[in-house]
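*Asks:* Just dropping this structure here.
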Amino acid sequence: MSESKLRAIIVEAQPRYLSEQSDPAQNRFAFAYTITIHNAGQVAAQLLDRHWIITDGNGKVQEVRGAGVVGEQPLIEPGASHTYTSGCLLETPVGSMQGSYGMRSTDGEEFRAPVSVFRLARPNALH
């Protein structure tokens with residue numbers, strides 16, 4: 001059996017702009033993002049850590065690393081998903097995020113699950 005069949009994590013991101021927490025006059029743009037991590041593999045896997053690269057519209061990069069997500073290190077069974085919501089602040093109305101999750105399968109293998117780039121944008125900021 002191939003490694004990719006055993007350990008297959010699919011990550012989906014749904015970002016949204018938080019106008020009530022933003023203050024454009026102060027270059028404060030708040031975003032929330034809901035992440036769904038789906039285990040399409042054949043072994044359970046525990047999320048150990050996260051690594052985010054957040055880039056604003058000026059090219060300023062922030063790197064965020066930490067244990068788990070929103071205080072949890074969930075074990076995701078085959079066929080199951082884990083969803084959580086978090087947020088970030090940017091100094092520009094447009095930016096992007098990408099990164100990865102550190103995972104450990106129940107058979108002891110550690111691997112990284114990539115998160116593809118997703119856009120953070122205030123409505124009508126892009127034409």
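Every chain in the structure tokens takes a letter, A first, then B, and so on in the order presented; its residues are numbered from 1, and the ligands are numbered from 1 following the presented order.
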Give one line per residue of stretch 7-38 of chain A that approaches stretch 112-127 of chain A to at most 9 Å, naming the two atoms of the closest pair and their distance in Å to one decimal, counting only C-alpha atoms; sort by chain then ascending residue number and deliver it as CSV.
*Replies:*
residue,atom,partner,partner_atom,distance
A:Ala8,CA,A:Ala113,CA,8.1
A:Ile9,CA,A:Ala113,CA,6.1
A:Ile10,CA,A:Ala113,CA,7.7
A:Val11,CA,A:Val115,CA,6.0
A:Glu12,CA,A:Val115,CA,7.7
A:Ala13,CA,A:Phe118,CA,7.0
A:Gln14,CA,A:Phe118,CA,8.3
A:Pro15,CA,A:Leu120,CA,6.3
A:Arg16,CA,A:Leu120,CA,7.1
A:Tyr17,CA,A:Arg122,CA,5.5
A:Leu18,CA,A:Arg122,CA,8.3
A:Ser19,CA,A:Arg122,CA,8.2
A:Phe29,CA,A:Arg122,CA,7.8
A:Ala30,CA,A:Arg122,CA,8.9
A:Phe31,CA,A:Leu120,CA,7.0
A:Ala32,CA,A:Leu120,CA,8.9
A:Tyr33,CA,A:Leu120,CA,8.8
*Asks:* For the residues in the current selection, export N, CA and C atoms as a PDB file, in the first residue's frame.
*Replies:*
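Listing of out.pdb after writing:
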ATOM      1  N   ALA A   8      -3.385  10.836   3.953  1.00  0.00           N
ATOM      2  CA  ALA A   8      -3.865  11.828   2.989  1.00  0.00           C
ATOM      3  C   ALA A   8      -4.740  12.837   3.730  1.00  0.00           C
ATOM      4  N   ILE A   9      -4.202  14.024   3.934  1.00  0.00           N
ATOM      5  CA  ILE A   9      -4.917  15.084   4.646  1.00  0.00           C
ATOM      6  C   ILE A   9      -5.274  16.169   3.638  1.00  0.00           C
ATOM      7  N   ILE A  10      -6.545  16.534   3.598  1.00  0.00           N
ATOM      8  CA  ILE A  10      -7.030  17.582   2.701  1.00  0.00           C
ATOM      9  C   ILE A  10      -7.465  18.758   3.570  1.00  0.00           C
ATOM     10  N   VAL A  11      -6.941  19.939   3.253  1.00  0.00           N
ATOM     11  CA  VAL A  11      -7.241  21.138   4.045  1.00  0.00           C
ATOM     12  C   VAL A  11      -7.985  22.146   3.172  1.00  0.00           C
ATOM     13  N   GLU A  12      -9.124  22.636   3.687  1.00  0.00           N
ATOM     14  CA  GLU A  12      -9.898  23.665   3.004  1.00  0.00           C
ATOM     15  C   GLU A  12      -9.991  24.890   3.905  1.00  0.00           C
ATOM     16  N   ALA A  13      -9.885  26.075   3.303  1.00  0.00           N
ATOM     17  CA  ALA A  13      -9.944  27.331   4.056  1.00  0.00           C
ATOM     18  C   ALA A  13     -11.068  28.202   3.508  1.00  0.00           C
ATOM     19  N   GLN A  14     -11.821  28.815   4.421  1.00  0.00           N
ATOM     20  CA  GLN A  14     -12.870  29.760   4.050  1.00  0.00           C
ATOM     21  C   GLN A  14     -12.634  31.056   4.828  1.00  0.00           C
ATOM     22  N   PRO A  15     -11.972  32.040   4.202  1.00  0.00           N
ATOM     23  CA  PRO A  15     -11.705  33.309   4.893  1.00  0.00           C
ATOM     24  C   PRO A  15     -12.886  34.266   4.789  1.00  0.00           C
ATOM     25  N   ARG A  16     -12.960  35.198   5.733  1.00  0.00           N
ATOM     26  CA  ARG A  16     -13.957  36.265   5.647  1.00  0.00           C
ATOM     27  C   ARG A  16     -13.425  37.512   6.363  1.00  0.00           C
ATOM     28  N   TYR A  17     -13.852  38.639   5.851  1.00  0.00           N
ATOM     29  CA  TYR A  17     -13.454  39.941   6.392  1.00  0.00           C
ATOM     30  C   TYR A  17     -14.350  40.278   7.575  1.00  0.00           C
ATOM     31  N   LEU A  18     -13.759  40.822   8.639  1.00  0.00           N
ATOM     32  CA  LEU A  18     -14.502  41.203   9.843  1.00  0.00           C
ATOM     33  C   LEU A  18     -14.561  42.723   9.930  1.00  0.00           C
ATOM     34  N   SER A  19     -15.564  43.313   9.288  1.00  0.00           N
ATOM     35  CA  SER A  19     -15.652  44.776   9.248  1.00  0.00           C
ATOM     36  C   SER A  19     -15.808  45.376  10.643  1.00  0.00           C
ATOM     37  N   PHE A  29      -7.015  45.666   9.509  1.00  0.00           N
ATOM     38  CA  PHE A  29      -7.964  44.868   8.732  1.00  0.00           C
ATOM     39  C   PHE A  29      -8.019  43.479   9.356  1.00  0.00           C
ATOM     40  N   ALA A  30      -9.179  43.132   9.918  1.00  0.00           N
ATOM     41  CA  ALA A  30      -9.340  41.870  10.637  1.00  0.00           C
ATOM     42  C   ALA A  30     -10.000  40.828   9.736  1.00  0.00           C
ATOM     43  N   PHE A  31      -9.473  39.625   9.807  1.00  0.00           N
ATOM     44  CA  PHE A  31     -10.003  38.510   9.023  1.00  0.00           C
ATOM     45  C   PHE A  31     -10.173  37.296   9.924  1.00  0.00           C
ATOM     46  N   ALA A  32     -11.214  36.544   9.646  1.00  0.00           N
ATOM     47  CA  ALA A  32     -11.396  35.228  10.255  1.00  0.00           C
ATOM     48  C   ALA A  32     -11.220  34.208   9.141  1.00  0.00           C
ATOM     49  N   TYR A  33     -10.830  33.012   9.529  1.00  0.00           N
ATOM     50  CA  TYR A  33     -10.764  31.930   8.550  1.00  0.00           C
ATOM     51  C   TYR A  33     -11.212  30.641   9.239  1.00  0.00           C
TER      52      TYR A  33
END
*Asks:* Go ahead and compute the interatomic distance for atom CA of A:Ser96 and atom CA of A:Val70, in Å to one decimal.
*Replies:* 19.8 Å
*Asks:* What's around A:Pro74 at 9 Å? Count only C-alpha atoms, leave out sequence neighbours fewer than 5 positions away in its own chain, and write the answer as a list in words.
*Replies:*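 Residues meeting the cut-off are Ala45, Gln46, Leu47, Leu48, Gly68, Val69 and His82 of chain A.
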*Asks:* Determine which residues of chain A DSSP labels as strand (DSSP E) from the backbone of this structure, then write them out as a short mmCIF file (atom, residue, chain, number, x, y, z; two decimals) with N, CA and C atoms, in the first residue's frame.
*Replies:*
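Printed below is result-v6.cif as written:
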data_model
loop_
_atom_site.label_atom_id
_atom_site.label_comp_id
_atom_site.auth_asym_id
_atom_site.auth_seq_id
_atom_site.Cartn_x
_atom_site.Cartn_y
_atom_site.Cartn_z
N ILE A 9 -4.20 14.02 3.93
CA ILE A 9 -4.92 15.08 4.65
C ILE A 9 -5.27 16.17 3.64
N ILE A 10 -6.54 16.53 3.60
CA ILE A 10 -7.03 17.58 2.70
C ILE A 10 -7.47 18.76 3.57
N VAL A 11 -6.94 19.94 3.25
CA VAL A 11 -7.24 21.14 4.04
C VAL A 11 -7.98 22.15 3.17
N GLU A 12 -9.12 22.64 3.69
CA GLU A 12 -9.90 23.67 3.00
C GLU A 12 -9.99 24.89 3.91
N ALA A 13 -9.88 26.08 3.30
CA ALA A 13 -9.94 27.33 4.06
C ALA A 13 -11.07 28.20 3.51
N GLN A 14 -11.82 28.82 4.42
CA GLN A 14 -12.87 29.76 4.05
C GLN A 14 -12.63 31.06 4.83
N PRO A 15 -11.97 32.04 4.20
CA PRO A 15 -11.70 33.31 4.89
C PRO A 15 -12.89 34.27 4.79
N ARG A 16 -12.96 35.20 5.73
CA ARG A 16 -13.96 36.27 5.65
C ARG A 16 -13.42 37.51 6.36
N TYR A 17 -13.85 38.64 5.85
CA TYR A 17 -13.45 39.94 6.39
C TYR A 17 -14.35 40.28 7.57
N PHE A 29 -7.02 45.67 9.51
CA PHE A 29 -7.96 44.87 8.73
C PHE A 29 -8.02 43.48 9.36
N ALA A 30 -9.18 43.13 9.92
CA ALA A 30 -9.34 41.87 10.64
C ALA A 30 -10.00 40.83 9.74
N PHE A 31 -9.47 39.62 9.81
CA PHE A 31 -10.00 38.51 9.02
C PHE A 31 -10.17 37.30 9.92
N ALA A 32 -11.21 36.54 9.65
CA ALA A 32 -11.40 35.23 10.25
C ALA A 32 -11.22 34.21 9.14
N TYR A 33 -10.83 33.01 9.53
CA TYR A 33 -10.76 31.93 8.55
C TYR A 33 -11.21 30.64 9.24
N THR A 34 -12.05 29.91 8.53
CA THR A 34 -12.52 28.62 9.02
C THR A 34 -11.79 27.55 8.22
N ILE A 35 -11.13 26.67 8.96
CA ILE A 35 -10.33 25.61 8.35
C ILE A 35 -11.02 24.27 8.61
N THR A 36 -11.12 23.47 7.57
CA THR A 36 -11.59 22.09 7.70
C THR A 36 -10.45 21.18 7.27
N ILE A 37 -10.06 20.30 8.17
CA ILE A 37 -8.99 19.34 7.93
C ILE A 37 -9.64 17.97 7.82
N HIS A 38 -9.58 17.39 6.63
CA HIS A 38 -10.23 16.10 6.37
C HIS A 38 -9.18 15.02 6.22
N ASN A 39 -9.38 13.92 6.93
CA ASN A 39 -8.47 12.78 6.83
C ASN A 39 -9.01 11.83 5.77
N ALA A 45 -4.80 10.35 12.35
CA ALA A 45 -3.66 11.24 12.48
C ALA A 45 -3.99 12.36 13.47
N GLN A 46 -3.02 12.68 14.31
CA GLN A 46 -3.18 13.76 15.27
C GLN A 46 -2.47 15.01 14.78
N LEU A 47 -3.16 16.13 14.87
CA LEU A 47 -2.56 17.42 14.52
C LEU A 47 -1.70 17.87 15.70
N LEU A 48 -0.42 18.07 15.46
CA LEU A 48 0.52 18.43 16.52
C LEU A 48 0.81 19.93 16.56
N ASP A 49 1.02 20.54 15.37
CA ASP A 49 1.43 21.94 15.34
C ASP A 49 0.98 22.59 14.04
N ARG A 50 1.13 23.91 14.02
CA ARG A 50 0.79 24.68 12.82
C ARG A 50 1.95 25.61 12.46
N HIS A 51 2.04 25.92 11.18
CA HIS A 51 3.00 26.90 10.68
C HIS A 51 2.28 27.70 9.61
N TRP A 52 2.15 29.00 9.85
CA TRP A 52 1.48 29.90 8.89
C TRP A 52 2.48 30.92 8.38
N ILE A 53 2.35 31.25 7.10
CA ILE A 53 3.06 32.37 6.49
C ILE A 53 1.97 33.33 6.01
N ILE A 54 1.92 34.50 6.64
CA ILE A 54 0.88 35.49 6.35
C ILE A 54 1.55 36.68 5.69
N THR A 55 1.07 37.04 4.51
CA THR A 55 1.67 38.13 3.74
C THR A 55 0.62 39.19 3.47
N ASP A 56 0.93 40.46 3.80
CA ASP A 56 -0.03 41.52 3.52
C ASP A 56 0.22 42.11 2.14
N VAL A 61 5.74 40.02 5.70
CA VAL A 61 5.49 38.61 6.02
C VAL A 61 5.55 38.39 7.52
N GLN A 62 4.55 37.68 8.05
CA GLN A 62 4.55 37.23 9.43
C GLN A 62 4.56 35.71 9.41
N GLU A 63 5.40 35.11 10.24
CA GLU A 63 5.37 33.65 10.39
C GLU A 63 4.84 33.33 11.76
N VAL A 64 3.91 32.38 11.81
CA VAL A 64 3.30 31.96 13.07
C VAL A 64 3.51 30.46 13.21
N ARG A 65 4.09 30.06 14.33
CA ARG A 65 4.26 28.64 14.64
C ARG A 65 3.72 28.39 16.04
N GLY A 66 3.13 27.24 16.23
CA GLY A 66 2.65 26.93 17.56
C GLY A 66 2.08 25.54 17.64
N ALA A 67 1.85 25.10 18.86
CA ALA A 67 1.28 23.78 19.10
C ALA A 67 -0.21 23.80 18.79
N LEU A 75 -7.23 14.41 17.26
CA LEU A 75 -6.98 13.16 16.55
C LEU A 75 -8.10 13.03 15.52
N ILE A 76 -7.72 12.91 14.25
CA ILE A 76 -8.71 12.87 13.18
C ILE A 76 -8.72 11.46 12.59
N SER A 81 -13.39 14.68 9.83
CA SER A 81 -12.85 16.03 9.65
C SER A 81 -12.80 16.75 10.98
N HIS A 82 -11.95 17.76 11.05
CA HIS A 82 -11.91 18.68 12.20
C HIS A 82 -12.00 20.09 11.63
N THR A 83 -12.92 20.88 12.19
CA THR A 83 -13.12 22.26 11.72
C THR A 83 -12.91 23.20 12.88
N TYR A 84 -12.22 24.32 12.62
CA TYR A 84 -12.04 25.35 13.63
C TYR A 84 -11.98 26.71 12.93
N THR A 85 -12.18 27.76 13.71
CA THR A 85 -12.10 29.12 13.19
C THR A 85 -11.09 29.91 14.01
N SER A 86 -10.27 30.67 13.31
CA SER A 86 -9.29 31.54 13.95
C SER A 86 -9.26 32.85 13.17
N GLY A 87 -8.27 33.69 13.44
CA GLY A 87 -8.23 34.96 12.75
C GLY A 87 -6.85 35.58 12.73
N CYS A 88 -6.73 36.67 11.98
CA CYS A 88 -5.48 37.42 11.93
C CYS A 88 -5.78 38.87 11.57
N LEU A 89 -4.80 39.71 11.85
CA LEU A 89 -4.89 41.14 11.52
C LEU A 89 -3.84 41.46 10.46
N LEU A 90 -4.24 42.28 9.50
CA LEU A 90 -3.31 42.78 8.49
C LEU A 90 -3.31 44.30 8.53
N VAL A 94 -5.81 43.62 1.69
CA VAL A 94 -5.62 42.39 0.93
C VAL A 94 -4.36 41.69 1.40
N GLY A 95 -4.40 40.38 1.47
CA GLY A 95 -3.22 39.60 1.81
C GLY A 95 -3.45 38.15 1.49
N SER A 96 -2.56 37.31 1.99
CA SER A 96 -2.71 35.87 1.76
C SER A 96 -2.11 35.09 2.92
N MET A 97 -2.54 33.85 3.02
CA MET A 97 -1.99 32.91 4.02
C MET A 97 -1.70 31.59 3.33
N GLN A 98 -0.69 30.91 3.84
CA GLN A 98 -0.40 29.54 3.45
C GLN A 98 0.39 28.92 4.59
N GLY A 99 0.52 27.61 4.55
CA GLY A 99 1.28 26.99 5.63
C GLY A 99 1.18 25.49 5.62
N SER A 100 1.28 24.92 6.83
CA SER A 100 1.20 23.47 6.96
C SER A 100 0.90 23.10 8.40
N TYR A 101 0.42 21.87 8.55
CA TYR A 101 0.18 21.29 9.86
C TYR A 101 1.12 20.12 10.06
N GLY A 102 1.72 20.05 11.24
CA GLY A 102 2.51 18.88 11.62
C GLY A 102 1.55 17.83 12.14
N MET A 103 1.65 16.64 11.57
CA MET A 103 0.74 15.55 11.90
C MET A 103 1.54 14.32 12.34
N ARG A 104 0.90 13.48 13.15
CA ARG A 104 1.49 12.18 13.49
C ARG A 104 0.40 11.13 13.35
N SER A 105 0.65 10.16 12.49
CA SER A 105 -0.33 9.09 12.32
C SER A 105 -0.23 8.13 13.50
N GLU A 110 5.49 10.78 11.40
CA GLU A 110 5.24 12.22 11.42
C GLU A 110 5.36 12.76 10.01
N PHE A 111 4.47 13.66 9.64
CA PHE A 111 4.47 14.24 8.30
C PHE A 111 3.82 15.62 8.35
N ARG A 112 3.99 16.39 7.28
CA ARG A 112 3.41 17.72 7.19
C ARG A 112 2.27 17.68 6.20
N ALA A 113 1.17 18.33 6.56
CA ALA A 113 0.01 18.46 5.67
C ALA A 113 -0.02 19.91 5.18
N PRO A 114 0.23 20.14 3.88
CA PRO A 114 0.29 21.51 3.38
C PRO A 114 -1.07 22.19 3.31
N VAL A 115 -1.05 23.51 3.48
CA VAL A 115 -2.23 24.35 3.29
C VAL A 115 -1.92 25.27 2.12
N SER A 116 -2.66 25.13 1.03
CA SER A 116 -2.44 25.96 -0.15
C SER A 116 -2.74 27.42 0.17
N VAL A 117 -2.16 28.31 -0.63
CA VAL A 117 -2.37 29.75 -0.47
C VAL A 117 -3.86 30.07 -0.57
N PHE A 118 -4.34 30.89 0.36
CA PHE A 118 -5.69 31.44 0.23
C PHE A 118 -5.65 32.94 0.48
N ARG A 119 -6.55 33.65 -0.18
CA ARG A 119 -6.56 35.11 -0.17
C ARG A 119 -7.41 35.65 0.97
N LEU A 120 -6.90 36.71 1.57
CA LEU A 120 -7.64 37.50 2.54
C LEU A 120 -7.91 38.84 1.87
N ALA A 121 -9.18 39.23 1.74
CA ALA A 121 -9.48 40.47 1.05
C ALA A 121 -10.76 41.10 1.57
#
*Asks:* Which parts of chain A does DSSP call helix (DSSP H, G or I) when run on the backbone here, written out as a PyMOL selection string?
*Replies:* chain A and resi 3-6+19-21+24-26
*Asks:* For atom CA of A:Pro78 and atom CA of A:Ala40, quote the distance in Å rounded to one decimal.
*Replies:*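 Taking atom CA of A:Pro78 as the start and atom CA of A:Ala40 as the end point, the length is 6.1 Å.
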*Asks:* Rounded to one decimal place, report the atom CA of A:Glu77-atom CA of A:Thr106 distance in Å.
*Replies:*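 Atom CA of A:Thr106 lies 9.5 Å from atom CA of A:Glu77.
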